[in-house]
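One file, target-v7.pdb, carrying PDB, C-alpha atoms:
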ATOM      1  CA  MET F   1      10.170  79.819 197.992
ATOM      2  CA  SER F   2      13.826  78.892 198.091
ATOM      3  CA  THR F   3      16.678  81.369 198.499
ATOM      4  CA  THR F   4      17.986  80.405 195.075
ATOM      5  CA  SER F   5      14.744  81.311 193.362
ATOM      6  CA  LYS F   6      14.576  84.603 195.229
ATOM      7  CA  SER F   7      17.999  85.764 194.118
ATOM      8  CA  ARG F   8      18.543  86.626 190.506
ATOM      9  CA  ALA F   9      21.283  84.934 188.547
ATOM     10  CA  PHE F  10      24.224  87.098 187.572
ATOM     11  CA  PRO F  11      23.679  88.363 183.974
ATOM     12  CA  THR F  12      26.703  86.626 182.482
ATOM     13  CA  HIS F  13      25.434  87.123 178.923
ATOM     14  CA  ILE F  14      25.691  90.919 179.326
ATOM     15  CA  VAL F  15      29.358  90.617 180.316
ATOM     16  CA  VAL F  16      30.016  88.359 177.334
ATOM     17  CA  PHE F  17      28.480  90.820 174.882
ATOM     18  CA  LEU F  18      30.111  93.911 176.404
ATOM     19  CA  ALA F  19      33.568  92.458 177.032
ATOM     20  CA  PRO F  20      34.952  92.727 173.449
ATOM     21  CA  ALA F  21      33.930  96.381 173.071
ATOM     22  CA  VAL F  22      35.139  97.286 176.586
ATOM     23  CA  ILE F  23      38.505  95.582 176.046
ATOM     24  CA  VAL F  24      39.102  97.209 172.650
ATOM     25  CA  TYR F  25      37.994 100.637 173.907
ATOM     26  CA  THR F  26      40.214 100.339 176.979
ATOM     27  CA  LEU F  27      43.275  99.266 174.985
ATOM     28  CA  PHE F  28      42.987 101.888 172.258
ATOM     29  CA  MET F  29      41.285 104.810 174.069
ATOM     30  CA  ILE F  30      41.414 104.681 177.869
ATOM     31  CA  TYR F  31      44.965 103.374 178.294
ATOM     32  CA  PRO F  32      46.553 105.813 175.767
ATOM     33  CA  LEU F  33      44.672 108.702 177.394
ATOM     34  CA  ILE F  34      45.838 107.793 180.912
ATOM     35  CA  ASP F  35      49.396 107.182 179.715
ATOM     36  CA  SER F  36      49.462 110.555 177.919
ATOM     37  CA  LEU F  37      48.296 112.302 181.086
ATOM     38  CA  ARG F  38      50.987 110.445 183.034
ATOM     39  CA  LEU F  39      53.666 111.374 180.503
ATOM     40  CA  SER F  40      52.786 115.068 180.780
ATOM     41  CA  PHE F  41      54.167 115.070 184.352
ATOM     42  CA  PHE F  42      57.567 113.756 183.257
ATOM     43  CA  ALA F  43      60.556 115.156 181.383
ATOM     44  CA  THR F  44      63.372 113.430 179.548
ATOM     45  CA  GLY F  45      66.781 113.899 181.119
ATOM     46  CA  PRO F  46      70.231 113.934 179.445
ATOM     47  CA  ASP F  47      70.435 110.157 179.888
ATOM     48  CA  ASN F  48      67.141 109.746 177.934
ATOM     49  CA  LYS F  49      65.331 108.613 181.071
ATOM     50  CA  GLU F  50      62.045 110.050 182.243
ATOM     51  CA  TYR F  51      61.985 112.043 185.481
ATOM     52  CA  PHE F  52      58.940 113.270 187.361
ATOM     53  CA  VAL F  53      58.703 117.076 187.164
ATOM     54  CA  GLY F  54      55.142 117.701 188.327
ATOM     55  CA  LEU F  55      53.508 120.715 186.662
ATOM     56  CA  GLN F  56      56.724 122.113 185.192
ATOM     57  CA  ASN F  57      55.753 121.069 181.662
ATOM     58  CA  TYR F  58      52.490 123.009 181.952
ATOM     59  CA  VAL F  59      54.288 126.078 183.278
ATOM     60  CA  LYS F  60      56.730 125.769 180.397
ATOM     61  CA  LEU F  61      53.923 125.469 177.877
ATOM     62  CA  PHE F  62      52.237 128.613 179.219
ATOM     63  CA  THR F  63      55.306 130.800 179.772
ATOM     64  CA  ASP F  64      58.332 129.583 177.823
ATOM     65  CA  SER F  65      59.279 131.804 174.885
ATOM     66  CA  ASN F  66      59.526 128.779 172.562
ATOM     67  CA  TYR F  67      56.221 127.177 173.474
ATOM     68  CA  ALA F  68      53.897 129.877 174.830
ATOM     69  CA  PRO F  69      53.460 131.913 171.590
ATOM     70  CA  ARG F  70      52.648 128.790 169.628
ATOM     71  CA  PHE F  71      50.269 127.427 172.283
ATOM     72  CA  TRP F  72      48.270 130.625 172.768
ATOM     73  CA  GLY F  73      48.234 131.230 169.010
ATOM     74  CA  ALA F  74      46.964 127.701 168.350
ATOM     75  CA  LEU F  75      44.300 128.066 171.051
ATOM     76  CA  LYS F  76      43.121 131.367 169.586
ATOM     77  CA  ASN F  77      42.991 129.889 166.068
ATOM     78  CA  ASN F  78      41.081 126.864 167.381
ATOM     79  CA  ILE F  79      38.478 129.143 168.941
ATOM     80  CA  VAL F  80      38.097 130.992 165.628
ATOM     81  CA  PHE F  81      37.850 127.643 163.815
ATOM     82  CA  PHE F  82      35.090 126.556 166.217
ATOM     83  CA  LEU F  83      33.165 129.849 166.013
ATOM     84  CA  VAL F  84      33.091 129.723 162.202
ATOM     85  CA  HIS F  85      31.524 126.274 162.389
ATOM     86  CA  MET F  86      29.034 127.298 165.062
ATOM     87  CA  LEU F  87      27.978 130.520 163.332
ATOM     88  CA  VAL F  88      28.064 129.304 159.716
ATOM     89  CA  GLN F  89      27.893 125.512 159.511
ATOM     90  CA  ASN F  90      25.169 124.825 162.067
ATOM     91  CA  PRO F  91      22.729 127.572 160.969
ATOM     92  CA  ILE F  92      23.147 126.451 157.342
ATOM     93  CA  GLY F  93      22.602 122.848 158.438
ATOM     94  CA  LEU F  94      19.413 123.901 160.241
ATOM     95  CA  LEU F  95      18.201 125.840 157.198
ATOM     96  CA  LEU F  96      18.845 122.921 154.850
ATOM     97  CA  ALA F  97      17.165 120.520 157.269
ATOM     98  CA  ALA F  98      14.098 122.765 157.471
ATOM     99  CA  LEU F  99      13.886 122.906 153.675
ATOM    100  CA  LEU F 100      14.209 119.140 153.365
ATOM    101  CA  ALA F 101      11.667 118.505 156.112
ATOM    102  CA  SER F 102       9.135 120.715 154.376
ATOM    103  CA  GLY F 103       8.813 118.093 151.638
ATOM    104  CA  GLY F 104       8.971 118.597 147.911
ATOM    105  CA  TRP F 105      10.300 116.740 144.914
ATOM    106  CA  GLY F 106      13.836 115.341 144.989
ATOM    107  CA  ARG F 107      14.186 115.424 148.763
ATOM    108  CA  LYS F 108      16.159 112.163 148.911
ATOM    109  CA  PHE F 109      18.408 113.248 146.047
ATOM    110  CA  TYR F 110      19.309 116.592 147.641
ATOM    111  CA  ARG F 111      19.820 114.957 151.027
ATOM    112  CA  THR F 112      22.320 112.527 149.498
ATOM    113  CA  VAL F 113      24.161 115.196 147.509
ATOM    114  CA  LEU F 114      24.481 117.529 150.485
ATOM    115  CA  PHE F 115      25.790 114.757 152.729
ATOM    116  CA  MET F 116      28.206 113.342 150.152
ATOM    117  CA  PRO F 117      31.236 115.600 150.965
ATOM    118  CA  THR F 118      31.134 114.322 154.551
ATOM    119  CA  VAL F 119      32.152 110.820 153.491
ATOM    120  CA  LEU F 120      35.009 111.962 151.260
ATOM    121  CA  SER F 121      38.623 111.648 152.376
ATOM    122  CA  PHE F 122      40.397 114.661 153.877
ATOM    123  CA  VAL F 123      43.171 114.142 151.333
ATOM    124  CA  ILE F 124      40.728 114.399 148.433
ATOM    125  CA  ILE F 125      39.035 117.474 149.935
ATOM    126  CA  GLY F 126      42.346 119.231 150.574
ATOM    127  CA  PHE F 127      43.724 118.427 147.120
ATOM    128  CA  ILE F 128      40.564 119.545 145.320
ATOM    129  CA  TRP F 129      40.297 122.867 147.155
ATOM    130  CA  ASN F 130      44.007 123.545 146.728
ATOM    131  CA  LEU F 131      43.451 123.210 142.985
ATOM    132  CA  ILE F 132      40.294 125.328 142.986
ATOM    133  CA  LEU F 133      41.805 128.206 144.984
ATOM    134  CA  SER F 134      45.286 128.152 143.481
ATOM    135  CA  PRO F 135      46.175 131.562 141.948
ATOM    136  CA  LEU F 136      48.216 129.782 139.236
ATOM    137  CA  TRP F 137      45.946 127.045 137.864
ATOM    138  CA  GLY F 138      42.795 127.241 140.001
ATOM    139  CA  VAL F 139      39.334 127.850 138.577
ATOM    140  CA  ALA F 140      38.150 130.198 141.345
ATOM    141  CA  GLU F 141      39.554 133.298 139.633
ATOM    142  CA  SER F 142      37.991 132.345 136.306
ATOM    143  CA  ILE F 143      34.609 131.752 137.916
ATOM    144  CA  LEU F 144      34.706 135.125 139.681
ATOM    145  CA  LYS F 145      35.707 136.864 136.451
ATOM    146  CA  ALA F 146      32.849 135.165 134.622
ATOM    147  CA  VAL F 147      30.342 136.759 137.015
ATOM    148  CA  GLY F 148      32.111 140.117 137.066
ATOM    149  CA  LEU F 149      33.778 139.713 140.477
ATOM    150  CA  GLY F 150      37.320 139.020 139.363
ATOM    151  CA  ALA F 151      38.671 141.962 141.369
ATOM    152  CA  LEU F 152      37.681 140.163 144.581
ATOM    153  CA  PHE F 153      39.970 137.189 143.971
ATOM    154  CA  ARG F 154      42.902 136.768 146.340
ATOM    155  CA  PRO F 155      45.275 133.910 147.158
ATOM    156  CA  TRP F 156      43.125 133.207 150.202
ATOM    157  CA  LEU F 157      45.106 130.165 151.348
ATOM    158  CA  GLY F 158      48.371 132.099 151.101
ATOM    159  CA  LEU F 159      47.476 135.152 153.172
ATOM    160  CA  GLU F 160      47.781 135.168 156.955
ATOM    161  CA  SER F 161      44.612 137.217 157.296
ATOM    162  CA  THR F 162      42.401 134.837 155.299
ATOM    163  CA  ALA F 163      43.973 131.361 155.402
ATOM    164  CA  LEU F 164      42.313 130.183 158.623
ATOM    165  CA  VAL F 165      38.830 131.420 157.710
ATOM    166  CA  THR F 166      39.186 129.914 154.235
ATOM    167  CA  ILE F 167      40.087 126.481 155.617
ATOM    168  CA  SER F 168      37.267 126.813 158.164
ATOM    169  CA  LEU F 169      34.770 127.438 155.348
ATOM    170  CA  ILE F 170      36.158 124.452 153.428
ATOM    171  CA  SER F 171      35.553 122.368 156.554
ATOM    172  CA  VAL F 172      32.037 123.820 156.796
ATOM    173  CA  TRP F 173      31.363 122.758 153.204
ATOM    174  CA  GLN F 174      32.603 119.249 153.969
ATOM    175  CA  PHE F 175      30.756 118.664 157.233
ATOM    176  CA  VAL F 176      27.534 120.666 156.921
ATOM    177  CA  GLY F 177      25.780 117.378 156.157
ATOM    178  CA  ILE F 178      26.180 116.144 159.744
ATOM    179  CA  PRO F 179      24.150 118.890 161.498
ATOM    180  CA  MET F 180      21.758 118.846 158.541
ATOM    181  CA  ILE F 181      20.950 115.158 159.048
ATOM    182  CA  LEU F 182      20.652 115.501 162.829
ATOM    183  CA  PHE F 183      18.331 118.505 162.549
ATOM    184  CA  TYR F 184      16.364 116.783 159.782
ATOM    185  CA  ALA F 185      15.807 113.682 161.936
ATOM    186  CA  ALA F 186      14.604 115.882 164.805
ATOM    187  CA  LEU F 187      12.255 117.932 162.616
ATOM    188  CA  ILE F 188      10.548 114.982 160.972
ATOM    189  CA  GLY F 189      10.030 113.480 164.435
ATOM    190  CA  ILE F 190       7.774 116.357 165.528
ATOM    191  CA  PRO F 191       4.120 115.220 165.665
ATOM    192  CA  GLU F 192       2.188 116.585 162.711
ATOM    193  CA  GLU F 193      -0.789 117.297 164.974
ATOM    194  CA  LEU F 194       1.095 120.161 166.635
ATOM    195  CA  ILE F 195       1.883 121.745 163.279
ATOM    196  CA  GLU F 196      -1.680 121.402 162.058
ATOM    197  CA  ALA F 197      -3.075 122.900 165.299
ATOM    198  CA  ALA F 198      -0.780 125.919 164.942
ATOM    199  CA  ARG F 199      -1.838 126.452 161.334
ATOM    200  CA  VAL F 200      -5.494 126.239 162.295
ATOM    201  CA  ASP F 201      -4.836 128.982 164.872
ATOM    202  CA  GLY F 202      -3.453 131.166 162.084
ATOM    203  CA  ALA F 203       0.283 130.781 162.676
ATOM    204  CA  THR F 204       2.530 131.541 159.705
ATOM    205  CA  GLY F 205       5.286 129.198 158.555
ATOM    206  CA  TRP F 206       7.875 131.403 160.255
ATOM    207  CA  GLN F 207       5.951 131.369 163.536
ATOM    208  CA  VAL F 208       5.436 127.601 163.350
ATOM    209  CA  PHE F 209       9.158 127.054 162.983
ATOM    210  CA  TRP F 210      10.417 129.405 165.694
ATOM    211  CA  ARG F 211       7.640 128.926 168.263
ATOM    212  CA  ILE F 212       6.930 125.217 167.858
ATOM    213  CA  LYS F 213       9.571 123.352 165.900
ATOM    214  CA  PHE F 214      12.700 125.081 167.165
ATOM    215  CA  PRO F 215      11.876 124.754 170.909
ATOM    216  CA  LEU F 216      11.149 121.056 170.360
ATOM    217  CA  ILE F 217      14.548 120.424 168.741
ATOM    218  CA  LEU F 218      16.568 122.297 171.384
ATOM    219  CA  PRO F 219      18.073 119.018 172.702
ATOM    220  CA  THR F 220      19.348 118.325 169.184
ATOM    221  CA  VAL F 221      20.723 121.868 168.974
ATOM    222  CA  GLY F 222      22.736 121.170 172.126
ATOM    223  CA  ILE F 223      23.988 117.832 170.781
ATOM    224  CA  VAL F 224      25.062 119.442 167.496
ATOM    225  CA  GLY F 225      26.808 122.211 169.408
ATOM    226  CA  ILE F 226      28.829 119.889 171.633
ATOM    227  CA  LEU F 227      29.684 117.593 168.707
ATOM    228  CA  THR F 228      30.933 120.651 166.824
ATOM    229  CA  PHE F 229      33.019 121.719 169.816
ATOM    230  CA  VAL F 230      34.615 118.301 170.322
ATOM    231  CA  GLY F 231      35.224 117.780 166.612
ATOM    232  CA  ASN F 232      36.796 121.210 166.094
ATOM    233  CA  PHE F 233      39.142 120.957 169.069
ATOM    234  CA  ASN F 234      40.196 117.509 167.813
ATOM    235  CA  ALA F 235      40.656 118.765 164.253
ATOM    236  CA  PHE F 236      43.910 118.045 162.463
ATOM    237  CA  ASP F 237      43.504 116.227 159.148
ATOM    238  CA  LEU F 238      42.215 118.992 156.889
ATOM    239  CA  ILE F 239      44.731 121.630 157.976
ATOM    240  CA  TYR F 240      47.576 119.113 157.781
ATOM    241  CA  THR F 241      46.473 118.100 154.280
ATOM    242  CA  ILE F 242      46.207 121.669 152.977
ATOM    243  CA  LYS F 243      48.969 123.511 154.865
ATOM    244  CA  GLY F 244      51.159 120.783 156.383
ATOM    245  CA  ALA F 245      52.337 120.433 159.988
ATOM    246  CA  LEU F 246      53.776 123.971 159.995
ATOM    247  CA  ALA F 247      50.230 125.313 159.453
ATOM    248  CA  GLY F 248      51.371 128.239 157.350
ATOM    249  CA  PRO F 249      51.585 130.914 156.393
ATOM    250  CA  ASN F 250      53.531 131.839 159.529
ATOM    251  CA  PHE F 251      51.455 129.525 161.762
ATOM    252  CA  SER F 252      48.283 131.453 160.929
ATOM    253  CA  THR F 253      46.324 128.177 160.551
ATOM    254  CA  ASP F 254      47.958 126.443 163.505
ATOM    255  CA  ILE F 255      45.463 124.774 165.859
ATOM    256  CA  MET F 256      45.851 122.468 168.846
ATOM    257  CA  GLY F 257      45.980 119.338 166.699
ATOM    258  CA  THR F 258      48.822 120.547 164.471
ATOM    259  CA  LEU F 259      50.672 121.969 167.479
ATOM    260  CA  PHE F 260      50.462 118.576 169.194
ATOM    261  CA  TYR F 261      51.726 116.769 166.090
ATOM    262  CA  ARG F 262      54.629 119.169 165.605
ATOM    263  CA  THR F 263      55.579 119.137 169.284
ATOM    264  CA  PHE F 264      55.369 115.365 169.756
ATOM    265  CA  PHE F 265      56.891 114.128 166.497
ATOM    266  CA  GLY F 266      58.994 117.128 165.466
ATOM    267  CA  GLN F 267      59.048 118.894 162.125
ATOM    268  CA  GLN F 268      61.986 119.723 159.839
ATOM    269  CA  LEU F 269      64.789 120.970 162.138
ATOM    270  CA  GLN F 270      62.595 120.831 165.253
ATOM    271  CA  LEU F 271      63.116 117.654 167.268
ATOM    272  CA  GLY F 272      60.119 115.928 168.764
ATOM    273  CA  ASN F 273      59.503 116.156 172.505
ATOM    274  CA  PRO F 274      57.110 113.403 173.666
ATOM    275  CA  THR F 275      56.619 114.823 177.158
ATOM    276  CA  MET F 276      55.750 118.314 175.905
ATOM    277  CA  GLY F 277      53.589 116.767 173.186
ATOM    278  CA  ALA F 278      51.744 114.835 175.898
ATOM    279  CA  THR F 279      51.299 118.136 177.766
ATOM    280  CA  VAL F 280      49.660 119.690 174.696
ATOM    281  CA  ALA F 281      47.441 116.607 174.364
ATOM    282  CA  ALA F 282      46.494 116.888 178.043
ATOM    283  CA  MET F 283      45.485 120.527 177.516
ATOM    284  CA  MET F 284      43.343 119.491 174.540
ATOM    285  CA  PHE F 285      41.678 116.886 176.745
ATOM    286  CA  LEU F 286      41.053 119.393 179.552
ATOM    287  CA  ILE F 287      39.586 121.970 177.158
ATOM    288  CA  ILE F 288      37.261 119.411 175.580
ATOM    289  CA  LEU F 289      36.311 118.019 179.003
ATOM    290  CA  SER F 290      35.477 121.530 180.223
ATOM    291  CA  GLY F 291      33.215 122.131 177.222
ATOM    292  CA  VAL F 292      31.434 118.809 177.714
ATOM    293  CA  LEU F 293      30.886 119.499 181.421
ATOM    294  CA  ILE F 294      29.484 122.957 180.662
ATOM    295  CA  TYR F 295      27.104 121.367 178.161
ATOM    296  CA  MET F 296      25.986 118.678 180.599
ATOM    297  CA  PHE F 297      25.478 120.871 183.670
ATOM    298  CA  LEU F 298      24.210 124.057 182.035
ATOM    299  CA  TRP F 299      22.603 123.433 178.659
ATOM    300  CA  GLN F 300      21.278 119.906 179.124
ATOM    301  CA  ARG F 301      19.881 120.570 182.595
ATOM    302  CA  ARG F 302      18.228 123.778 181.411
ATOM    303  CA  VAL F 303      16.633 122.020 178.440
ATOM    304  CA  GLN F 304      15.388 119.201 180.690
ATOM    305  CA  THR F 305      13.914 121.751 183.101
ATOM    306  CA  VAL F 306      12.081 123.490 180.262
ATOM    307  CA  GLU F 307      10.717 120.173 178.976
ATOM    308  CA  MET F 308       9.438 119.233 182.446
TER     309      MET F 308
END
Could you quickly redo this structure as structure tokens?
Amino acid sequence: MSTTSKSRAFPTHIVVFLAPAVIVYTLFMIYPLIDSLRLSFFATGPDNKEYFVGLQNYVKLFTDSNYAPRFWGALKNNIVFFLVHMLVQNPIGLLLAALLASGGWGRKFYRTVLFMPTVLSFVIIGFIWNLILSPLWGVAESILKAVGLGALFRPWLGLESTALVTISLISVWQFVGIPMILFYAALIGIPEELIEAARVDGATGWQVFWRIKFPLILPTVGIVGILTFVGNFNAFDLIYTIKGALAGPNFSTDIMGTLFYRTFFGQQLQLGNPTMGATVAAMMFLIILSGVLIYMFLWQRRVQTVEM
């Protein structure tokens, strides 16, 4: 057998198929990310030239009286934003998925209706909910009065104590279809033989779900959790649409995305600072990277160990 026949030919066709995606991803994702990280170590001097300053921008972000309150406030609000989605959106998505997977008439119709808000534009969602919750011309107060709960109505989007939670719940309403579909796909993939065997042994529906179905969809639970984390710490559009870049009232809805936008591009009388904006973006990247690493090395490994 010749040496040529022994050695395998280089898989040129794989390079040809992957090259377009790799090039586009590198140009529009990898290069901007690396350049943003690079820019965070520089500062603009009086002559409008960039000078290397090391970690000074990060120290300034954490300690400066102009930046630190806004950064720590945005980080705190982002954590609240994420927790609302984890504790409200994902359990509701799991409940809806369990109901859909149980069968029944109109399953496809309800699945489509529940997922429909996910594909709507942020601008449409923000405009609609601004109209609904407006204390001047919104219908929320009328609906509450019609059911005898008119005294509970407040200008929820205008109060510092309720604005962030209100926007978080609007986001939950919009995106609950994503965890619902992921959980639904996992549930219908469970072999029916396992369910039937449990029922023969006398297990109730509640026991079947928590002792058989839920352990089997734990990998999907982890995926939904990390997708929620990444999506929430990248969030920007909905808050910008409803409250603007200032994330009012009094920055009570300010998150990392709006802080980055305001710092990098400027807002009203505040001039933009690209190097400090890049520093905020770098912190967003580090926070998201930390969450992904925790998921990979703690949750995913633990789930794989349990499955083995």
_Which residue is closest to Gly244 of chain F? Choose from F:Leu95, F:Val123, F:Ala185, F:Val292 and count all atoms listed in the file._
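So, comparing all the options, the nearest one is F:Val123.
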Using all atoms listed in the file, which of F:Trp129, F:Thr275, F:Thr26, F:Phe183 sits nearest Leu100 of chain F?
->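 Closest to Leu100 of chain F, using all atoms listed in the file: F:Phe183.
Minimum atom-to-atom distance to Ile79 of chain F, evaluated using all atoms listed in the file, belongs to F:Val165 out of F:Val165, F:Leu227, F:Val147, F:Ile294.
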Exercise. Tell me which protein, DNA and RNA residues are within 9 Å of Phe229 of chain F, counting only C-alpha atoms, leaving out same-chain ones fewer than 2 positions away, and put them as a PyMOL selection string.
Key: chain F and resi 82-83+85-86+224-227+231-234+288+291-292
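Atom pair atom CA of Gly93 of chain F / atom CA of Pro179 of chain F has a distance of 5.2 Å (rounded to one decimal).
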Task: Shortest interatomic distance to Phe251 of chain F - which of F:Leu37, F:Ala74, F:Met29, F:Ala97, counting only C-alpha atoms - done: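 Of all the options, F:Ala74 lies closest to Phe251 of chain F.
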As a check of understanding: the span from atom CA of Thr279 of chain F to atom CA of Asn57 of chain F is 6.6 Å
Report task. Give me, please, the distance in Å between atom CA of Leu259 of chain F and atom CA of Ile34 of chain F, quoted to one decimal. Result ->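 Interatomic distance here is 20.1 Å.
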Counting only C-alpha atoms, what is within 9 Å of Pro135 of chain F, bar same-chain residues fewer than 5 positions away, as an mmCIF file with C-alpha atoms, in the frame of the given file?
data_model
loop_
_atom_site.group_PDB
_atom_site.id
_atom_site.type_symbol
_atom_site.label_atom_id
_atom_site.label_comp_id
_atom_site.auth_asym_id
_atom_site.auth_seq_id
_atom_site.Cartn_x
_atom_site.Cartn_y
_atom_site.Cartn_z
ATOM 1 C CA ALA F 140 38.150 130.198 141.345
ATOM 2 C CA GLU F 141 39.554 133.298 139.633
ATOM 3 C CA PHE F 153 39.970 137.189 143.971
ATOM 4 C CA ARG F 154 42.902 136.768 146.340
ATOM 5 C CA PRO F 155 45.275 133.910 147.158
ATOM 6 C CA TRP F 156 43.125 133.207 150.202
#
### Message
Under the PyMOL selection byres ((chain F and resi 210-214) around 12), which residues of this model are included? Write them out as a ChimeraX atom specification.
### Response
/F:94-95,97-98,101-102,183-184,186-199,203-209,215-222
With only C-alpha atoms as the counted atoms, please give the residues lying no more than 12 Å from Val59 of chain F, apart from itself and same-chain residues fewer than 4 positions off, as a compact mmCIF listing (two decimals) with C-alpha atoms, in the coordinates of the input.
# COMPACT_ATOMS: atom_id res chain seq x y z
CA SER F 40 52.79 115.07 180.78
CA PHE F 41 54.17 115.07 184.35
CA VAL F 53 58.70 117.08 187.16
CA GLY F 54 55.14 117.70 188.33
CA LEU F 55 53.51 120.72 186.66
CA THR F 63 55.31 130.80 179.77
CA ASP F 64 58.33 129.58 177.82
CA SER F 65 59.28 131.80 174.88
CA TYR F 67 56.22 127.18 173.47
CA ALA F 68 53.90 129.88 174.83
CA PHE F 71 50.27 127.43 172.28
CA MET F 276 55.75 118.31 175.90
CA THR F 279 51.30 118.14 177.77
CA VAL F 280 49.66 119.69 174.70
CA MET F 283 45.48 120.53 177.52
Handout entry: Residues within 6 Å of Phe42 of chain F, all atoms listed in the file, excluding chain neighbours under 6 positions, as a list of chain:residue names
Key = F:Glu50, F:Tyr51, F:Phe52, F:Val53
Put a box with edges along x, y and z around all the listed atoms of segment 13-21 of chain F, pad it by 4 Å on each side, then give me its centre and sizes in Å, one decimal, as JSON.
{"center_x": 30.2, "center_y": 91.8, "center_z": 176.7, "size_x": 17.5, "size_y": 17.3, "size_z": 15.2}
| Answer key for the PyMOL selection byres ((chain F and resi 133) around 12), residues as a PyMOL selection string | chain F and resi 126-132+134-144+153-158+163+166-167+170+242
message: Translate the PyMOL selection byres ((chain F and resi 253) around 7) into a concrete residue list for this structure, as a list in words.
response: Asn77, Ala163, Leu164, Ala247, Gly248, Phe251, Ser252, Asp254 and Ile255 of chain F
Restricting to only C-alpha atoms, whichever of F:Val200, F:Leu269, F:Ala282, F:Ile124 is closest to Leu238 of chain F is F:Ile124
